[in-house]
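Source file: structure.pdb; contents: PDB, C-alpha atoms and all ligand atoms.
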```pdb
ATOM      1  CA  MET D   2     -18.151   1.037  12.775
ATOM      2  CA  THR D   3     -17.064   3.404  10.066
ATOM      3  CA  ASP D   4     -16.159   6.776  11.468
ATOM      4  CA  LYS D   5     -17.762   9.979  10.274
ATOM      5  CA  ALA D   6     -16.619  11.172   6.861
ATOM      6  CA  ASN D   7     -13.732  13.558   6.629
ATOM      7  CA  THR D   8     -14.537  16.164   4.030
ATOM      8  CA  THR D   9     -11.282  18.133   3.888
ATOM      9  CA  THR D  10     -10.867  19.310   0.289
ATOM     10  CA  ALA D  11      -7.785  19.614  -1.900
ATOM     11  CA  PRO D  12      -5.632  22.701  -1.992
ATOM     12  CA  ALA D  13      -6.571  24.300  -5.318
ATOM     13  CA  THR D  14      -3.078  23.827  -6.740
ATOM     14  CA  THR D  15      -1.574  21.199  -8.983
ATOM     15  CA  THR D  16       1.224  19.218  -7.392
ATOM     16  CA  ALA D  17       3.815  20.932  -9.602
ATOM     17  CA  THR D  18       2.600  24.396  -8.574
ATOM     18  CA  ALA D  19       2.598  23.440  -4.921
ATOM     19  CA  THR D  20       6.181  22.227  -5.197
ATOM     20  CA  ALA D  21       7.344  25.328  -7.034
ATOM     21  CA  THR D  22       5.917  27.718  -4.439
ATOM     22  CA  ASN D  23       7.175  25.862  -1.363
ATOM     23  CA  LYS D  24      10.408  27.236   0.097
ATOM     24  CA  SER D  25      11.719  24.162   1.922
ATOM     25  CA  PRO D  26      12.492  21.086  -0.170
ATOM     26  CA  LEU D  27      10.889  19.034   2.608
ATOM     27  CA  ALA D  28       7.605  20.865   2.004
ATOM     28  CA  ALA D  29       7.100  18.582  -1.003
ATOM     29  CA  TYR D  30       6.529  15.768   1.500
ATOM     30  CA  ASP D  31       3.940  17.726   3.478
ATOM     31  CA  LEU D  32       0.479  16.147   3.292
ATOM     32  CA  THR D  33      -1.296  18.716   5.453
ATOM     33  CA  HIS D  34      -4.936  19.228   4.352
ATOM     34  CA  ARG D  35      -4.834  16.015   2.345
ATOM     35  CA  THR D  36      -6.894  12.892   2.795
ATOM     36  CA  ALA D  37      -5.293   9.471   2.470
ATOM     37  CA  PHE D  38      -6.881   6.015   2.399
ATOM     38  CA  VAL D  39      -4.755   2.997   3.342
ATOM     39  CA  THR D  40      -5.885  -0.621   2.976
ATOM     40  CA  GLY D  41      -4.192  -3.303   5.060
ATOM     41  CA  ALA D  42      -3.680  -0.649   7.729
ATOM     42  CA  ALA D  43      -4.069  -3.014  10.701
ATOM     43  CA  SER D  44      -0.606  -4.550  10.420
ATOM     44  CA  GLY D  45       2.905  -4.460   9.023
ATOM     45  CA  ILE D  46       3.524  -2.251   5.998
ATOM     46  CA  GLY D  47      -0.020  -0.865   5.915
ATOM     47  CA  ARG D  48       0.144   0.231   9.556
ATOM     48  CA  ALA D  49       3.586   1.822   9.125
ATOM     49  CA  THR D  50       2.284   3.621   6.023
ATOM     50  CA  ALA D  51      -0.816   4.936   7.784
ATOM     51  CA  VAL D  52       1.288   6.198  10.699
ATOM     52  CA  LEU D  53       3.856   7.892   8.412
ATOM     53  CA  LEU D  54       1.239   9.552   6.181
ATOM     54  CA  ALA D  55      -0.421  10.899   9.332
ATOM     55  CA  GLN D  56       2.964  12.167  10.578
ATOM     56  CA  ALA D  57       3.298  13.945   7.216
ATOM     57  CA  GLY D  58       0.030  15.737   8.003
ATOM     58  CA  ALA D  59      -2.625  13.716   6.170
ATOM     59  CA  THR D  60      -5.968  12.695   7.605
ATOM     60  CA  VAL D  61      -5.717   8.937   7.219
ATOM     61  CA  HIS D  62      -8.611   6.559   6.583
ATOM     62  CA  CYS D  63      -7.506   3.104   7.641
ATOM     63  CA  ALA D  64      -9.208   0.019   6.188
ATOM     64  CA  ASP D  65      -8.670  -3.625   7.073
ATOM     65  CA  ARG D  66     -10.654  -6.751   7.902
ATOM     66  CA  ASP D  67      -8.790  -7.023  11.231
ATOM     67  CA  GLU D  68     -10.879  -4.700  13.411
ATOM     68  CA  PRO D  69      -8.788  -4.887  16.631
ATOM     69  CA  GLY D  70      -5.603  -4.229  14.645
ATOM     70  CA  LEU D  71      -7.286  -1.340  12.890
ATOM     71  CA  LYS D  72      -8.251   0.211  16.224
ATOM     72  CA  GLN D  73      -4.624  -0.066  17.391
ATOM     73  CA  THR D  74      -3.397   1.761  14.282
ATOM     74  CA  VAL D  75      -5.941   4.544  14.730
ATOM     75  CA  ALA D  76      -4.987   4.808  18.413
ATOM     76  CA  LEU D  77      -1.276   4.988  17.507
ATOM     77  CA  ILE D  78      -1.953   7.882  15.139
ATOM     78  CA  ALA D  79      -4.243   9.648  17.606
ATOM     79  CA  ARG D  80      -1.620   9.315  20.363
ATOM     80  CA  GLU D  81       0.796  11.306  18.163
ATOM     81  CA  GLY D  82      -1.853  13.973  17.571
ATOM     82  CA  GLY D  83      -2.746  12.778  14.074
ATOM     83  CA  ALA D  84      -6.169  12.313  12.512
ATOM     84  CA  ALA D  85      -7.323   8.806  11.605
ATOM     85  CA  HIS D  86     -10.569   6.942  10.973
ATOM     86  CA  ALA D  87     -11.219   3.212  10.976
ATOM     87  CA  HIS D  88     -13.072   1.352   8.215
ATOM     88  CA  PRO D  89     -13.370  -2.334   9.077
ATOM     89  CA  LEU D  90     -13.949  -4.051   5.743
ATOM     90  CA  ASP D  91     -12.846  -6.809   3.444
ATOM     91  CA  VAL D  92     -11.155  -5.413   0.323
ATOM     92  CA  THR D  93     -12.801  -8.116  -1.791
ATOM     93  CA  ASP D  94     -16.159  -6.484  -1.009
ATOM     94  CA  ARG D  95     -16.403  -3.853  -3.733
ATOM     95  CA  ALA D  96     -19.522  -2.210  -2.256
ATOM     96  CA  ALA D  97     -17.993  -1.896   1.227
ATOM     97  CA  LEU D  98     -14.844  -0.340  -0.200
ATOM     98  CA  ALA D  99     -16.873   2.109  -2.322
ATOM     99  CA  THR D 100     -18.929   3.143   0.715
ATOM    100  CA  ALA D 101     -15.816   3.718   2.830
ATOM    101  CA  VAL D 102     -14.057   5.765   0.133
ATOM    102  CA  ARG D 103     -17.179   7.894  -0.331
ATOM    103  CA  ALA D 104     -17.368   8.430   3.437
ATOM    104  CA  ALA D 105     -13.742   9.578   3.468
ATOM    105  CA  GLY D 106     -14.532  12.464   1.121
ATOM    106  CA  PRO D 107     -12.310  13.561  -1.790
ATOM    107  CA  LEU D 108      -9.131  11.492  -1.681
ATOM    108  CA  HIS D 109      -5.657  12.810  -2.401
ATOM    109  CA  VAL D 110      -3.858   9.542  -1.721
ATOM    110  CA  MET D 111      -4.769   5.862  -1.983
ATOM    111  CA  ALA D 112      -2.288   3.288  -0.688
ATOM    112  CA  ALA D 113      -3.612  -0.163  -1.602
ATOM    113  CA  VAL D 114      -1.490  -2.318   0.682
ATOM    114  CA  ALA D 115      -3.736  -5.184   1.867
ATOM    115  CA  GLY D 116      -2.539  -8.563   0.682
ATOM    116  CA  ILE D 117      -2.074 -12.193   1.636
ATOM    117  CA  MET D 118       0.645 -14.797   1.097
ATOM    118  CA  HIS D 119      -0.091 -18.231  -0.246
ATOM    119  CA  THR D 120       2.303 -21.046  -1.020
ATOM    120  CA  SER D 121       1.557 -24.213  -2.948
ATOM    121  CA  SER D 122       3.388 -25.990  -5.735
ATOM    122  CA  VAL D 123       2.013 -25.632  -9.230
ATOM    123  CA  LEU D 124       0.816 -29.237  -9.165
ATOM    124  CA  GLU D 125      -0.919 -28.809  -5.802
ATOM    125  CA  THR D 126      -2.578 -25.460  -6.557
ATOM    126  CA  ARG D 127      -6.359 -25.724  -6.369
ATOM    127  CA  ASP D 128      -8.922 -23.447  -7.997
ATOM    128  CA  GLU D 129      -9.967 -22.128  -4.591
ATOM    129  CA  ASP D 130      -6.362 -21.148  -3.715
ATOM    130  CA  LEU D 131      -5.935 -19.169  -6.906
ATOM    131  CA  ASP D 132      -9.389 -17.568  -6.594
ATOM    132  CA  ARG D 133      -8.754 -16.475  -2.980
ATOM    133  CA  VAL D 134      -5.329 -14.936  -3.652
ATOM    134  CA  LEU D 135      -6.551 -13.238  -6.848
ATOM    135  CA  ALA D 136      -9.569 -11.855  -4.994
ATOM    136  CA  VAL D 137      -7.502 -10.204  -2.235
ATOM    137  CA  ASN D 138      -4.224  -9.365  -3.967
ATOM    138  CA  PHE D 139      -5.570  -8.321  -7.349
ATOM    139  CA  LYS D 140      -9.303  -7.576  -7.224
ATOM    140  CA  GLY D 141      -8.961  -5.861  -3.820
ATOM    141  CA  VAL D 142      -6.300  -3.558  -5.289
ATOM    142  CA  LEU D 143      -8.352  -3.040  -8.467
ATOM    143  CA  TYR D 144     -11.408  -1.970  -6.453
ATOM    144  CA  ALA D 145      -9.302   0.396  -4.337
ATOM    145  CA  CYS D 146      -7.753   1.932  -7.463
ATOM    146  CA  GLN D 147     -11.134   2.321  -9.166
ATOM    147  CA  GLU D 148     -12.786   3.948  -6.163
ATOM    148  CA  ALA D 149      -9.824   6.251  -5.549
ATOM    149  CA  ALA D 150      -9.630   7.354  -9.182
ATOM    150  CA  ARG D 151     -13.385   7.992  -9.272
ATOM    151  CA  SER D 152     -13.136  10.063  -6.087
ATOM    152  CA  MET D 153     -10.171  12.088  -7.404
ATOM    153  CA  ILE D 154     -11.723  12.696 -10.844
ATOM    154  CA  ALA D 155     -15.086  13.736  -9.366
ATOM    155  CA  ALA D 156     -13.390  16.228  -7.020
ATOM    156  CA  GLY D 157     -10.809  17.416  -9.579
ATOM    157  CA  VAL D 158      -7.976  16.316  -7.292
ATOM    158  CA  PRO D 159      -4.597  15.531  -8.941
ATOM    159  CA  GLY D 160      -4.039  12.678  -6.511
ATOM    160  CA  SER D 161      -1.619   9.799  -6.122
ATOM    161  CA  ILE D 162      -2.435   6.093  -6.072
ATOM    162  CA  VAL D 163       0.182   3.686  -4.724
ATOM    163  CA  THR D 164      -0.199  -0.078  -5.095
ATOM    164  CA  MET D 165       1.749  -2.830  -3.342
ATOM    165  CA  ALA D 166       3.468  -5.347  -5.608
ATOM    166  CA  SER D 167       6.380  -7.558  -4.514
ATOM    167  CA  GLY D 168       9.880  -8.546  -5.537
ATOM    168  CA  ALA D 169       8.330 -11.988  -6.020
ATOM    169  CA  MET D 170       6.975 -10.796  -9.363
ATOM    170  CA  ASP D 171      10.510 -10.311 -10.733
ATOM    171  CA  THR D 172      11.521 -13.921 -10.441
ATOM    172  CA  ALA D 173      10.157 -17.408  -9.893
ATOM    173  CA  GLY D 174      10.217 -19.299  -6.610
ATOM    174  CA  PRO D 175       8.931 -22.686  -5.581
ATOM    175  CA  GLY D 176       5.397 -22.435  -4.195
ATOM    176  CA  LEU D 177       4.917 -18.801  -5.191
ATOM    177  CA  LEU D 178       2.815 -19.179  -8.334
ATOM    178  CA  CYS D 179      -0.436 -17.680  -7.000
ATOM    179  CA  TYR D 180       1.251 -14.876  -5.059
ATOM    180  CA  SER D 181       3.664 -13.808  -7.793
ATOM    181  CA  VAL D 182       0.981 -13.916 -10.502
ATOM    182  CA  THR D 183      -1.234 -11.571  -8.493
ATOM    183  CA  LYS D 184       1.665  -9.170  -7.890
ATOM    184  CA  ALA D 185       2.542  -9.142 -11.607
ATOM    185  CA  ALA D 186      -1.123  -8.381 -12.250
ATOM    186  CA  VAL D 187      -0.955  -5.459  -9.799
ATOM    187  CA  VAL D 188       1.943  -4.027 -11.789
ATOM    188  CA  GLN D 189      -0.017  -4.252 -15.045
ATOM    189  CA  LEU D 190      -3.000  -2.608 -13.332
ATOM    190  CA  THR D 191      -0.717   0.157 -12.057
ATOM    191  CA  LYS D 192       0.866   0.881 -15.431
ATOM    192  CA  THR D 193      -2.460   0.706 -17.299
ATOM    193  CA  LEU D 194      -4.261   3.019 -14.892
ATOM    194  CA  ALA D 195      -1.313   5.425 -15.045
ATOM    195  CA  THR D 196      -1.823   5.730 -18.810
ATOM    196  CA  GLU D 197      -5.545   6.363 -18.368
ATOM    197  CA  ALA D 198      -5.591   8.655 -15.315
ATOM    198  CA  GLY D 199      -2.663  10.907 -16.199
ATOM    199  CA  ARG D 200      -4.881  13.307 -18.134
ATOM    200  CA  HIS D 201      -6.671  13.998 -14.823
ATOM    201  CA  GLY D 202      -3.339  14.742 -13.142
ATOM    202  CA  ILE D 203      -3.577  11.456 -11.239
ATOM    203  CA  ARG D 204      -0.344   9.519 -10.741
ATOM    204  CA  VAL D 205      -0.278   5.748 -10.242
ATOM    205  CA  ASN D 206       2.834   3.908  -9.046
ATOM    206  CA  ALA D 207       3.701   0.605  -7.401
ATOM    207  CA  VAL D 208       6.085  -0.336  -4.617
ATOM    208  CA  ALA D 209       7.660  -3.790  -4.942
ATOM    209  CA  PRO D 210       9.357  -4.571  -1.621
ATOM    210  CA  GLY D 211      11.911  -7.264  -1.004
ATOM    211  CA  TRP D 212      11.773  -9.331   2.194
ATOM    212  CA  ILE D 213      10.284  -7.159   4.949
ATOM    213  CA  ARG D 214      10.007  -8.119   8.630
ATOM    214  CA  THR D 215       6.224  -8.137   9.256
ATOM    215  CA  PRO D 216       3.641 -10.674  10.465
ATOM    216  CA  MET D 217       3.503 -11.949   6.858
ATOM    217  CA  THR D 218       7.147 -13.100   7.027
ATOM    218  CA  ASP D 219       7.012 -14.198  10.686
ATOM    219  CA  ARG D 220       8.192 -17.822  10.952
ATOM    220  CA  HIS D 221       6.840 -18.058  14.539
ATOM    221  CA  GLU D 222      10.009 -19.750  15.764
ATOM    222  CA  PRO D 223      13.354 -17.974  16.413
ATOM    223  CA  ALA D 224      15.621 -20.496  14.643
ATOM    224  CA  ALA D 225      13.416 -20.615  11.546
ATOM    225  CA  GLN D 226      13.175 -16.815  11.544
ATOM    226  CA  GLU D 227      16.950 -16.440  11.806
ATOM    227  CA  GLN D 228      17.478 -18.933   8.996
ATOM    228  CA  ALA D 229      14.971 -17.192   6.709
ATOM    229  CA  GLU D 230      16.430 -13.756   7.392
ATOM    230  CA  ALA D 231      20.034 -14.967   7.022
ATOM    231  CA  ALA D 232      19.220 -16.201   3.514
ATOM    232  CA  MET D 233      17.924 -12.753   2.571
ATOM    233  CA  ILE D 234      20.786 -10.889   4.254
ATOM    234  CA  ARG D 235      23.367 -12.968   2.333
ATOM    235  CA  HIS D 236      21.987 -11.611  -0.928
ATOM    236  CA  SER D 237      21.620  -7.976   0.134
ATOM    237  CA  PRO D 238      24.446  -5.461  -0.428
ATOM    238  CA  LEU D 239      23.038  -3.601   2.571
ATOM    239  CA  GLY D 240      23.327  -6.683   4.779
ATOM    240  CA  ARG D 241      19.937  -6.481   6.454
ATOM    241  CA  VAL D 242      16.294  -7.322   5.892
ATOM    242  CA  GLY D 243      13.736  -4.564   5.455
ATOM    243  CA  GLU D 244      11.435  -3.069   8.067
ATOM    244  CA  ALA D 245       7.863  -1.904   7.463
ATOM    245  CA  GLU D 246       9.024   1.704   7.882
ATOM    246  CA  ASP D 247      11.415   1.309   4.912
ATOM    247  CA  ILE D 248       8.396   0.643   2.720
ATOM    248  CA  ALA D 249       6.250   3.339   4.322
ATOM    249  CA  HIS D 250       8.908   5.884   3.306
ATOM    250  CA  ALA D 251       8.765   4.638  -0.288
ATOM    251  CA  VAL D 252       4.973   5.054  -0.213
ATOM    252  CA  LEU D 253       5.262   8.560   1.245
ATOM    253  CA  HIS D 254       7.633   9.529  -1.555
ATOM    254  CA  LEU D 255       5.187   8.326  -4.213
ATOM    255  CA  ALA D 256       2.161   9.774  -2.391
ATOM    256  CA  SER D 257       3.673  13.233  -2.059
ATOM    257  CA  ASP D 258       4.574  16.079  -4.390
ATOM    258  CA  ALA D 259       8.219  14.955  -4.126
ATOM    259  CA  SER D 260       7.346  12.512  -6.936
ATOM    260  CA  ALA D 261       5.154  14.934  -8.914
ATOM    261  CA  PHE D 262       6.700  13.865 -12.263
ATOM    262  CA  THR D 263       6.643  10.128 -11.523
ATOM    263  CA  THR D 264       3.879   7.848 -12.787
ATOM    264  CA  GLY D 265       3.562   4.277 -14.048
ATOM    265  CA  GLN D 266       6.750   3.318 -12.177
ATOM    266  CA  ILE D 267       7.746   0.439  -9.943
ATOM    267  CA  LEU D 268       9.875   1.390  -6.927
ATOM    268  CA  ARG D 269      11.857  -1.549  -5.524
ATOM    269  CA  PRO D 270      12.952  -1.020  -1.904
ATOM    270  CA  ASN D 271      14.666  -4.397  -1.476
ATOM    271  CA  GLY D 272      18.105  -3.747  -0.015
ATOM    272  CA  GLY D 273      19.636  -4.191  -3.449
ATOM    273  CA  VAL D 274      18.341  -7.688  -4.058
ATOM    274  CA  ALA D 275      15.219  -8.773  -5.920
ATOM    275  CA  MET D 276      14.466 -12.226  -4.537
ATOM    276  CA  PRO D 277      17.348 -14.642  -4.047
ATOM    277  CA  TRP D 278      15.763 -17.811  -5.388
TER
HETATM  278  N1  LIG T 301       6.412  -8.546   4.179
HETATM  279  C1  LIG T 301       7.034  -8.691   3.009
HETATM  280  O1  LIG T 301       8.164  -9.221   2.942
HETATM  281  C2  LIG T 301       6.395  -8.198   1.748
HETATM  282  C3  LIG T 301       7.190  -8.180   0.582
HETATM  283  C4  LIG T 301       6.628  -7.739  -0.599
HETATM  284  C5  LIG T 301       5.315  -7.322  -0.632
HETATM  285  N2  LIG T 301       4.556  -7.356   0.513
HETATM  286  C6  LIG T 301       3.177  -6.913   0.404
HETATM  287  O2  LIG T 301       2.932  -5.869   1.306
HETATM  288  C7  LIG T 301       1.565  -5.867   1.704
HETATM  289  C8  LIG T 301       1.477  -5.838   3.211
HETATM  290  O3  LIG T 301       2.087  -7.011   3.706
HETATM  291  P1  LIG T 301       2.643  -7.120   5.193
HETATM  292  O4  LIG T 301       3.969  -7.759   5.092
HETATM  293  O5  LIG T 301       2.494  -5.831   5.908
HETATM  294  O6  LIG T 301       1.649  -8.231   5.766
HETATM  295  P2  LIG T 301       0.689  -8.238   7.047
HETATM  296  O7  LIG T 301       0.126  -9.604   7.054
HETATM  297  O8  LIG T 301       1.412  -7.746   8.233
HETATM  298  O9  LIG T 301      -0.439  -7.174   6.664
HETATM  299  C9  LIG T 301      -1.419  -7.440   5.707
HETATM  300  C10 LIG T 301      -2.697  -6.743   6.130
HETATM  301  O10 LIG T 301      -3.670  -6.919   5.111
HETATM  302  C11 LIG T 301      -4.900  -7.234   5.728
HETATM  303  N3  LIG T 301      -5.749  -7.994   4.823
HETATM  304  C12 LIG T 301      -5.508  -9.196   4.269
HETATM  305  N4  LIG T 301      -6.539  -9.589   3.525
HETATM  306  C13 LIG T 301      -7.476  -8.604   3.617
HETATM  307  C14 LIG T 301      -8.784  -8.440   3.083
HETATM  308  N5  LIG T 301      -9.349  -9.389   2.307
HETATM  309  N6  LIG T 301      -9.471  -7.309   3.373
HETATM  310  C15 LIG T 301      -8.915  -6.372   4.177
HETATM  311  N7  LIG T 301      -7.695  -6.481   4.724
HETATM  312  C16 LIG T 301      -6.978  -7.594   4.449
HETATM  313  C17 LIG T 301      -4.509  -8.073   6.946
HETATM  314  O11 LIG T 301      -5.567  -8.108   7.910
HETATM  315  C18 LIG T 301      -3.277  -7.334   7.422
HETATM  316  O12 LIG T 301      -3.624  -6.305   8.329
HETATM  317  C19 LIG T 301       0.938  -7.104   1.057
HETATM  318  O13 LIG T 301       0.279  -6.734  -0.140
HETATM  319  C20 LIG T 301       2.141  -7.968   0.746
HETATM  320  O14 LIG T 301       1.900  -8.857  -0.328
HETATM  321  C21 LIG T 301       5.080  -7.789   1.697
END
```
Would you write out, as structure tokens, the structure that this file holds?
Amino acid sequence: MTDKANTTTAPATTTATATATNKSPLAAYDLTHRTAFVTGAASGIGRATAVLLAQAGATVHCADRDEPGLKQTVALIAREGGAAHAHPLDVTDRAALATAVRAAGPLHVMAAVAGIMHTSSVLETRDEDLDRVLAVNFKGVLYACQEAARSMIAAGVPGSIVTMASGAMDTAGPGLLCYSVTKAAVVQLTKTLATEAGRHGIRVNAVAPGWIRTPMTDRHEPAAQEQAEAAMIRHSPLGRVGEAEDIAHAVLHLASDASAFTTGQILRPNGGVAMPW
């Protein structure tokens, strides 16, 4: 069930003004009195993002199709004294997403994180594969961006929208056609919306992570996991794979006033490597 709407409204300042009047540099990361909406919040990067935004002070609306996972995320945030609400929904359902965003009240932050992996060679890719990955990874992000921008414009909030791309869009890899095409499309959506929403004070940026240890990259077998991670580590100057929290911090930066002059950008937290294929 969707929780009751949170109707906390924006501080009546622009992000630049808020930054200028705050004494501590860390105050730019403070999301107190702000409302954030995170899709894909039941797992991995989405969960870490929801938890971190709540730790930064935001009331966080968590959306995902995985209802038990969603409840765990909300419980995690509540246990730390944060405020969170669950919205079980499928991001490909435009009406459900619109209803949930409306219920959340004026948004300051949208983090559109939900996504799926799909691998098939070009020759084996079927219409239904492409349609499914496009629906979740591109249309789901498009709907989230549209609803967030509408909410921010209607309330006069100079908010921040953060989308989730992938290092896979920077290069080609066997089997990754559908996935990488949708992530490239997310980047074009991000840049285009940034050009259109800037006049409302709304910033739109993407995060394009490298290989991050989450259920999406879980090989379900220790030897296979070690082999997959070793390949990534070999190509990283930092000598490790990423954790969900690494990406959550990138999202917090883009969601907060710390990035008040940043829009239409792609942030690549990838340990110094794009994708080593
Ligand atoms: N893990 C990585 O290495 C990596 C790298 C680059 C980009 N990404 C991107 O980061 C995002 C999060 O990935 P993750 O690694 O945390 O994966 P994950 O599988 O742990 O989390 C994805 C979440 O999205 C939800 N989801 C999927 N389809 C949905 C739908 N139709 N409606 C609602 N919710 C849906 C899932 O239930 C899950 O909770 C994805 O967009 C992914 O493409 C991940």
_Between CA of Ala43 in chain D and CA of Arg80 in chain D, what distance in Å does the model show, to one decimal?_
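Interatomic distance here is 15.9 Å.
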*Pick out the residues no farther than 7 Å from ligand LIG 301 (chain T), counting all atoms listed in the file, and list them as number ranges by chain.*
D: 40-47, 64-67, 70, 90-93, 114-118, 137-138, 165-168, 209-218, 245
*Name every residue that the PyMOL selection byres (((chain D and resi 161) around 10) and not hetatm) selects in this structure, writing the answer as a PyMOL selection string with chains first and numbers rising.*
chain D and resi 16+37+108-112+149-150+153+158-160+162-163+195+202-206+255-258+260-261+263-264
Could you give me, as a PDB file with C-alpha atoms, keeping the file's coordinate frame, the residues that sit within 9 Å of (20.0, -8.4, -2.1) in the file's coordinates, counting only C-alpha atoms?
```pdb
ATOM      1  CA  GLY D 211      11.911  -7.264  -1.004  1.00  0.00           C
ATOM      2  CA  MET D 233      17.924 -12.753   2.571  1.00  0.00           C
ATOM      3  CA  ILE D 234      20.786 -10.889   4.254  1.00  0.00           C
ATOM      4  CA  ARG D 235      23.367 -12.968   2.333  1.00  0.00           C
ATOM      5  CA  HIS D 236      21.987 -11.611  -0.928  1.00  0.00           C
ATOM      6  CA  SER D 237      21.620  -7.976   0.134  1.00  0.00           C
ATOM      7  CA  PRO D 238      24.446  -5.461  -0.428  1.00  0.00           C
ATOM      8  CA  LEU D 239      23.038  -3.601   2.571  1.00  0.00           C
ATOM      9  CA  GLY D 240      23.327  -6.683   4.779  1.00  0.00           C
ATOM     10  CA  ARG D 241      19.937  -6.481   6.454  1.00  0.00           C
ATOM     11  CA  VAL D 242      16.294  -7.322   5.892  1.00  0.00           C
ATOM     12  CA  ASN D 271      14.666  -4.397  -1.476  1.00  0.00           C
ATOM     13  CA  GLY D 272      18.105  -3.747  -0.015  1.00  0.00           C
ATOM     14  CA  GLY D 273      19.636  -4.191  -3.449  1.00  0.00           C
ATOM     15  CA  VAL D 274      18.341  -7.688  -4.058  1.00  0.00           C
ATOM     16  CA  ALA D 275      15.219  -8.773  -5.920  1.00  0.00           C
ATOM     17  CA  MET D 276      14.466 -12.226  -4.537  1.00  0.00           C
ATOM     18  CA  PRO D 277      17.348 -14.642  -4.047  1.00  0.00           C
TER      19      PRO D 277
END
```
_So the first atom is CA of Ala185 in chain D and the second is CA of Glu227 in chain D; what is the distance between them in Å, to one decimal place?_
28.4 Å
*Between D:Leu177, D:Ala87, D:Ala105, D:Ala59, which has the minimum distance to Arg35 in chain D (counting only C-alpha atoms)?*
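For Arg35 in chain D, the nearest of the candidates is D:Ala59.
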